[in-house]
Structures are given as structure tokens and as C-alpha cells.
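Enquirer: Below you'll find the structure I mean.
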Amino acid sequence: MWSFISSSFIGLLLLQCIVTTSFGTTVAVAASTTLQTPPPGNTLSMTCTAQNGQRMYKCLEGKWVYQGGESKLLDAQTYANVGVYREMVHPVTKTISGWWEIVNDSGDDAESGYQYSTVTGKVIDTVTTQTSTSLLCVATQHGNMGATTRISYIAMLGAKGGAAPPQSLCKQDEVVEVPFTADFAFYTQDTSPPTLPTPISAKLGSSQAVESFYAQGAVRYSWTGTSWTTKSVTAQLSTVPGGPVVGKFSVLPKPDRYGGRLNWLVFNPNGFSVTGRGYTAPVLMSDYGLGWQLVQITSSSGPALEGPYRYVLMTSTMGGLQPVIKPTTEEKCEGLVITSTFSCVFWIYTT
């Protein structure tokens with residue numbers, strides 16, 4: 001199971017306490033998706049296949065060290081050349097990210113002034129079988145305007161080959177290239193909300209979604225001595241994964257006059273702030289993300305260009321789950337804090 005608890009906090013927990021771990025699975029009340037596809041609210045927009053894929057390794061001190069890789073990209077249906085894929089190794093952290101350059105069509109080219117647009121992604125899930133490896137990446141950065149502007153997730157499917165040669169063949173400073181093959185599926189973030197569970201859709205009635213924000217942040221859980229409690233929730237808001245930050249989400253220290261503590265603050269020139277409180281109970285849509293929830297807005301400030309705003313809906317959740325690790329030495333572990341990262345899409349509704 002994919003864990004959203006950061007390794008640094010797990011290490012701290014193990015140092016401070018003796019722990020027991022539960023591997024129980026949350027029961028979903030609606031059909032869950034696999035982690036090899038994005039959460040609902042993202043639509044497949046393009047598929048490609050790698051051509052002439054090569055991964056590069058350098059022999060350093062008796063070990064093959066990965067240096068990066070690249071391939072051409074062909075359209076999966078027409079086999080036309082549509083771009084380039086590269087794997088890059090961060091010089092300090094040594095983490096690996098993917099980079100895709102896609103040819104803009106004539107319309108995007110004319111509108112943006114660029115022949116190509118790019119998207120960078122980081123791996124959030126890996127599935128390995130005896131014959132292949134598949135990855136799911138979330139977009140972390142976009143370059144130029146065009147074909148990749150709204151790409152939110154990229155899946156590498158059925159990757160084969162590309163493994164380092166045997167260590168016995170390693171000769172200092174020697175560089176080798178190893179062929180690999182793979183298919184790629186590109187997803188874009190939807191411009192309208194996904195299909196909603198009945199407890200939420202019934203409350204929304206005829207209200208209309210007018211704006212959305214992708215949120216990426218963290219929930220901090222604190223151990224009280226007997227249970228985990230939510231300590232804080234914060235997130236940055238952007239239009240799509242990897243887009244520029246346009247606002248923030250947080251839980252206010254004190255409620256407004258109507259009991260609202262959940263706050264969304266948008267920074268742009270027409271920025272606004274809305275505060276609200278839970279209107280429906282969270283509805284679990286998968287075993288790997290927080291429940292979807294409808295929030296009723298209790299107060300707001302700034303221009304409501306398409307308002308008045310009435311609800312904020314949280315959908316397309318990944319992560320943020322309460323820890324399943326329970327310390328057994330309660331006295332030493334009381335006050336322990338664990339961070340669980342999460343992402344979601346917030347939809348703002350008017351009456």
C-alpha cells in the first residue's frame with residue numbers, strides 16, 4: 001500500500017517509541033480507482049509510445065550510477081513524432097523526475113508563439129511485475145503554453161528494459177546506454193466536477209460550479225496518548241498540478257461568527273477569501289484519499305465576480321489519511337506529530 005507519511009517522520013517515530021503497525025484497508029463507500037490512474041476529475045487526453053529509448057549509467061567506484069535517459073515520443077495511433085521524453089537526476093537530492101516536450105498543434109502554436117510545450121512530473125506511485133514497471137507521475141511544472149498546459153498526471157505504462165548492467169561489467173568511468181520501451185498516458189484536469197456521490201449532489205441542488213483550484217498540502221496529526229488528532233491543515237492552491245501558486249487553504253485558529261474555520265484565500269488581482277464549515281459528512285471514494293466533502297460558505301470578502309459564492313466542494317483526493325501506526329509507549333510518544341501529504345481539487349459553487 002502506498003504510504004503518504006513522510007519517511008523522516010517515520011524515522012523519528014521509530015527512534016522515540018516502540019510501535020505497532022496496522023495494515024487494515026479503509027472501506028470505500030463508492031468504487032475506488034487504482035493508483036495507476038489519477039483520481040476522478042482527470043481525463044485521458046493523449047497516449048504515446050517511446051521510440052529508441054535509452055537509459056545511461058556510469059561506473060563509479062564499482063557501481064553503476066544512473067545518469068538519466070531519453071526517448072522520442074510517437075503518437076500511439078498514428079505513430080507520428082509528437083515530442084521527446086527525458087529522465088533527469090537532481091544533482092543534489094538524486095531524485096528522478098520525468099520531462100516531456102510535446103509538439104503544439106497549429107492552433108496552440110499560433111496562440112502561444114511556441115512550437116513546443118513542456119511538463120515535468122514526479123513519481124507518486126510505482127507498480128512492478130516480473131516483466132515490467134508502471135509509474136504514475138503528478139505534474140510539478142509547466143513550460144510554454146499549449147498541449148501540456150492542463151496536463152495533471154502522466155502514467156508510464158509497461159516499461160521494459162533499461163536496467164543497469166551486471167556489476168561484474170563495471171569499469172571505472174565507463175558509460176553505457178541501455179535500451180528501454182514504454183507507453184505513456186497523459187491526463188488533463190477536467191473543467192467541470194466529476195460524478196458526485198448522492199449525499200453531496202443532493203445537497204448541491206441546482207448550484208453551479210464556477211471556479212476550481214488544485215490543492216497540494218499536508219495534514220499534521222498529533223498523538224494524544226490514546227489517539228491521533230488533527231493538529232493543522234495547510235495547502236497551496238494552483239489552477240492545475242504544477243501551475244503557479246494562486247492562493248492558499250488553511251484552518252483558521254478561531255471560527256467566524258457563523259462557525260466557519262475552513263478558509264480559502266486567492267491572491268490574484270481579483271482575489272477573494274471565503275470561509276466555511278462542513279455541510280456534509282466526508283464520503284470516502286477510495287482507500288488512499290480523504291473523503292470528498294461539501295463545505296457551506298459562512299463568510300467572504302473581496303470581489304465575487306461570479307458570486308455570491310455558496311459552497312466549496314473537495315474532490316479528487318489523494319493522501320492526507322490519518323496514520324495507522326499506533327505507539328505502544330504512550331508516555332514517550334504523547335505529543336508526537338506526523339505529517340501526511342495530500343492533494344485534492346476544490347470547486348467553488350454559486351447559487
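Naming scheme: A, B, ... for chains in displayed order of the C-alpha cells; residues 1 onward per chain; ligands 1 onward as shown.
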Need to verify the contact set: region 176-182 of chain A, 12 Å, only C-alpha atoms, exclusion of same-chain residues closer than 3 positions in sequence. Can you return it as number ranges by chain?
Expert: A: 47-59, 64-74, 76, 85, 131-135, 155-166, 169-173, 185
Enquirer: As a PyMOL selection string, please: the residues near Thr298 (chain A) (cut-off 6 Å, only C-alpha atoms, same-chain neighbours under 5 positions excluded).
Expert: chain A and resi 258+260+275-276
Enquirer: Please produce a file of those selected residues containing N, CA, C and O atoms, as a PDB file, in the first residue's frame.
Expert:
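Final file, part10.pdb:
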```
ATOM      1  N   TYR A 258     -20.222  32.589  12.263  1.00  0.00           N
ATOM      2  CA  TYR A 258     -21.164  31.525  11.947  1.00  0.00           C
ATOM      3  C   TYR A 258     -20.548  30.138  12.095  1.00  0.00           C
ATOM      4  O   TYR A 258     -21.126  29.147  11.653  1.00  0.00           O
ATOM      5  N   GLY A 260     -17.562  29.048  10.863  1.00  0.00           N
ATOM      6  CA  GLY A 260     -16.670  28.611   9.800  1.00  0.00           C
ATOM      7  C   GLY A 260     -15.200  28.768  10.157  1.00  0.00           C
ATOM      8  O   GLY A 260     -14.801  29.817  10.674  1.00  0.00           O
ATOM      9  N   THR A 275     -14.712  31.627   3.767  1.00  0.00           N
ATOM     10  CA  THR A 275     -14.593  30.784   4.952  1.00  0.00           C
ATOM     11  C   THR A 275     -15.862  29.955   5.082  1.00  0.00           C
ATOM     12  O   THR A 275     -16.955  30.442   4.762  1.00  0.00           O
ATOM     13  N   GLY A 276     -15.711  28.711   5.520  1.00  0.00           N
ATOM     14  CA  GLY A 276     -16.890  27.867   5.619  1.00  0.00           C
ATOM     15  C   GLY A 276     -16.753  26.769   6.652  1.00  0.00           C
ATOM     16  O   GLY A 276     -15.716  26.625   7.310  1.00  0.00           O
TER      17      GLY A 276
END
```
Enquirer: Give me the residues of region 203-253 of chain A that have any atom at most 12 Å from an atom of region 37-42 of chain A; for each, the nearest atom pair and the distance in Å, rounded to one decimal. Use only C-alpha atoms, sort by chain and number, and format it as CSV.
Expert:
```
residue,atom,partner,partner_atom,distance
A:Ser212,CA,A:Gly41,CA,11.1
A:Phe213,CA,A:Gly41,CA,12.0
A:Tyr214,CA,A:Gly41,CA,10.8
A:Val240,CA,A:Asn42,CA,10.6
A:Pro241,CA,A:Asn42,CA,11.1
```
Enquirer: Keeping only all heavy atoms, write the selected residues as a short mmCIF file (atom, residue, chain, number, x, y, z; two decimals), in the first residue's frame.
Expert:
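The resulting file, selection_24.cif, is reproduced below:
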```
data_model
loop_
_atom_site.label_atom_id
_atom_site.label_comp_id
_atom_site.auth_asym_id
_atom_site.auth_seq_id
_atom_site.Cartn_x
_atom_site.Cartn_y
_atom_site.Cartn_z
N SER A 212 -12.33 26.45 -10.00
CA SER A 212 -11.70 25.31 -9.32
C SER A 212 -10.24 25.61 -9.05
O SER A 212 -9.60 26.40 -9.77
CB SER A 212 -11.82 24.03 -10.16
OG SER A 212 -11.07 24.13 -11.35
N PHE A 213 -9.70 24.94 -8.02
CA PHE A 213 -8.29 25.09 -7.65
C PHE A 213 -7.74 23.72 -7.26
O PHE A 213 -8.38 22.99 -6.50
CB PHE A 213 -8.13 26.05 -6.47
CG PHE A 213 -8.61 27.44 -6.76
CD1 PHE A 213 -9.89 27.84 -6.37
CD2 PHE A 213 -7.80 28.34 -7.42
CE1 PHE A 213 -10.33 29.12 -6.64
CE2 PHE A 213 -8.24 29.63 -7.69
CZ PHE A 213 -9.51 30.02 -7.30
N TYR A 214 -6.56 23.41 -7.77
CA TYR A 214 -5.84 22.22 -7.33
C TYR A 214 -5.10 22.58 -6.05
O TYR A 214 -4.47 23.64 -5.96
CB TYR A 214 -4.85 21.77 -8.40
CG TYR A 214 -3.93 20.65 -7.96
CD1 TYR A 214 -4.36 19.33 -7.94
CD2 TYR A 214 -2.62 20.93 -7.57
CE1 TYR A 214 -3.52 18.31 -7.52
CE2 TYR A 214 -1.77 19.90 -7.17
CZ TYR A 214 -2.22 18.61 -7.15
OH TYR A 214 -1.38 17.60 -6.74
N VAL A 240 -3.83 24.10 -11.81
CA VAL A 240 -3.62 22.69 -12.13
C VAL A 240 -2.36 22.23 -11.41
O VAL A 240 -1.55 23.06 -10.98
CB VAL A 240 -3.47 22.45 -13.66
CG1 VAL A 240 -4.75 22.77 -14.39
CG2 VAL A 240 -2.29 23.23 -14.21
N PRO A 241 -2.12 20.93 -11.27
CA PRO A 241 -0.86 20.47 -10.69
C PRO A 241 0.33 21.04 -11.48
O PRO A 241 0.35 21.00 -12.70
CB PRO A 241 -0.94 18.95 -10.85
CG PRO A 241 -2.40 18.64 -10.87
CD PRO A 241 -3.03 19.79 -11.58
#
```
Enquirer: Give me the residues within 8 Å of region 104-106 of chain A as number ranges by chain, counting only C-alpha atoms and dropping any in the same chain fewer than 4 places off.
Expert: A: 110, 114-117, 146-147
Enquirer: Neighbouring residues of Phe267 (chain A) were defined as those with any atom within 6 Å, considering only C-alpha atoms; residues of the same chain fewer than 2 positions away were excluded. Please report them as a list in words.
Expert: Val246, Gly247 and Gly271 of chain A
Enquirer: Please provide as a PyMOL selection string all residues within 6 Å of region 99-103 of chain A, with the sequence filter that same-chain residues fewer than 5 positions apart are discarded (counting only C-alpha atoms).
Expert: chain A and resi 82-86+116-120
Enquirer: I need the residue nearest Tyr153 (chain A) from this list: A:Gly225, A:Gly121, A:Pro253, A:Pro323. Use only C-alpha atoms for the distance.
Expert: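 For Tyr153 (chain A), the nearest of the given residues is A:Gly121.
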Enquirer: So what do you get for CA of Cys333 (chain A) versus CA of Tyr221 (chain A), distance-wise?
Expert: 12.6 Å
Enquirer: Considering only C-alpha atoms, return as a PyMOL selection string whatever protein or nucleic-acid residues lie within 9 Å of Ala235 (chain A), sequence-local ones (same chain, fewer than 6 positions apart) excluded.
Expert: chain A and resi 215-219+247-250+342-343
Enquirer: I need the chosen residues saved as an mmCIF file, in the first residue's frame, with N, CA, C and O atoms.
Expert:
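Wrote it out as result-v1.cif, contents follow:
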```cif
data_model
loop_
_atom_site.group_PDB
_atom_site.id
_atom_site.type_symbol
_atom_site.label_atom_id
_atom_site.label_comp_id
_atom_site.auth_asym_id
_atom_site.auth_seq_id
_atom_site.Cartn_x
_atom_site.Cartn_y
_atom_site.Cartn_z
ATOM 1 N N ALA A 215 -5.186 21.726 -5.055
ATOM 2 C CA ALA A 215 -4.539 21.988 -3.766
ATOM 3 C C ALA A 215 -3.525 20.893 -3.462
ATOM 4 O O ALA A 215 -3.796 19.706 -3.663
ATOM 5 N N GLN A 216 -2.359 21.300 -2.977
ATOM 6 C CA GLN A 216 -1.339 20.356 -2.538
ATOM 7 C C GLN A 216 -0.808 20.832 -1.202
ATOM 8 O O GLN A 216 -0.371 21.974 -1.069
ATOM 9 N N GLY A 217 -0.906 19.962 -0.188
ATOM 10 C CA GLY A 217 -0.514 20.399 1.144
ATOM 11 C C GLY A 217 -0.282 19.244 2.084
ATOM 12 O O GLY A 217 0.100 18.148 1.673
ATOM 13 N N ALA A 218 -0.529 19.492 3.367
ATOM 14 C CA ALA A 218 -0.236 18.493 4.383
ATOM 15 C C ALA A 218 -1.201 18.608 5.549
ATOM 16 O O ALA A 218 -1.633 19.706 5.911
ATOM 17 N N VAL A 219 -1.533 17.444 6.102
ATOM 18 C CA VAL A 219 -2.280 17.358 7.352
ATOM 19 C C VAL A 219 -1.298 16.916 8.423
ATOM 20 O O VAL A 219 -0.571 15.933 8.239
ATOM 21 N N GLY A 247 -2.990 30.910 -4.467
ATOM 22 C CA GLY A 247 -3.679 31.107 -3.207
ATOM 23 C C GLY A 247 -3.278 30.065 -2.188
ATOM 24 O O GLY A 247 -2.331 29.296 -2.398
ATOM 25 N N LYS A 248 -3.996 30.036 -1.077
ATOM 26 C CA LYS A 248 -3.698 29.061 -0.023
ATOM 27 C C LYS A 248 -4.970 28.645 0.691
ATOM 28 O O LYS A 248 -5.972 29.378 0.715
ATOM 29 N N PHE A 249 -4.915 27.454 1.277
ATOM 30 C CA PHE A 249 -6.008 26.915 2.081
ATOM 31 C C PHE A 249 -5.476 26.639 3.480
ATOM 32 O O PHE A 249 -4.346 26.155 3.640
ATOM 33 N N SER A 250 -6.273 26.940 4.498
ATOM 34 C CA SER A 250 -5.858 26.675 5.872
ATOM 35 C C SER A 250 -7.083 26.580 6.773
ATOM 36 O O SER A 250 -8.210 26.911 6.368
ATOM 37 N N PHE A 342 -1.189 15.560 1.111
ATOM 38 C CA PHE A 342 -2.432 15.296 0.393
ATOM 39 C C PHE A 342 -2.558 16.231 -0.797
ATOM 40 O O PHE A 342 -1.877 17.260 -0.898
ATOM 41 N N SER A 343 -3.435 15.859 -1.719
ATOM 42 C CA SER A 343 -3.828 16.746 -2.810
ATOM 43 C C SER A 343 -5.314 16.572 -3.060
ATOM 44 O O SER A 343 -5.905 15.548 -2.694
#
```
Enquirer: Just to confirm, what's the straight-line distance from CA of Glu174 (chain A) to CA of Thr95 (chain A) in Å (one decimal)?
Expert: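 CA of Glu174 (chain A) sits 22.1 Å away from CA of Thr95 (chain A).
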Enquirer: Which is closest to Ile338 (chain A) among A:Thr43, A:Thr188, A:Thr280, A:Gln322, if we use only C-alpha atoms?
Expert: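 Once distances to Ile338 (chain A) are computed over only C-alpha atoms, the minimum belongs to A:Gln322.
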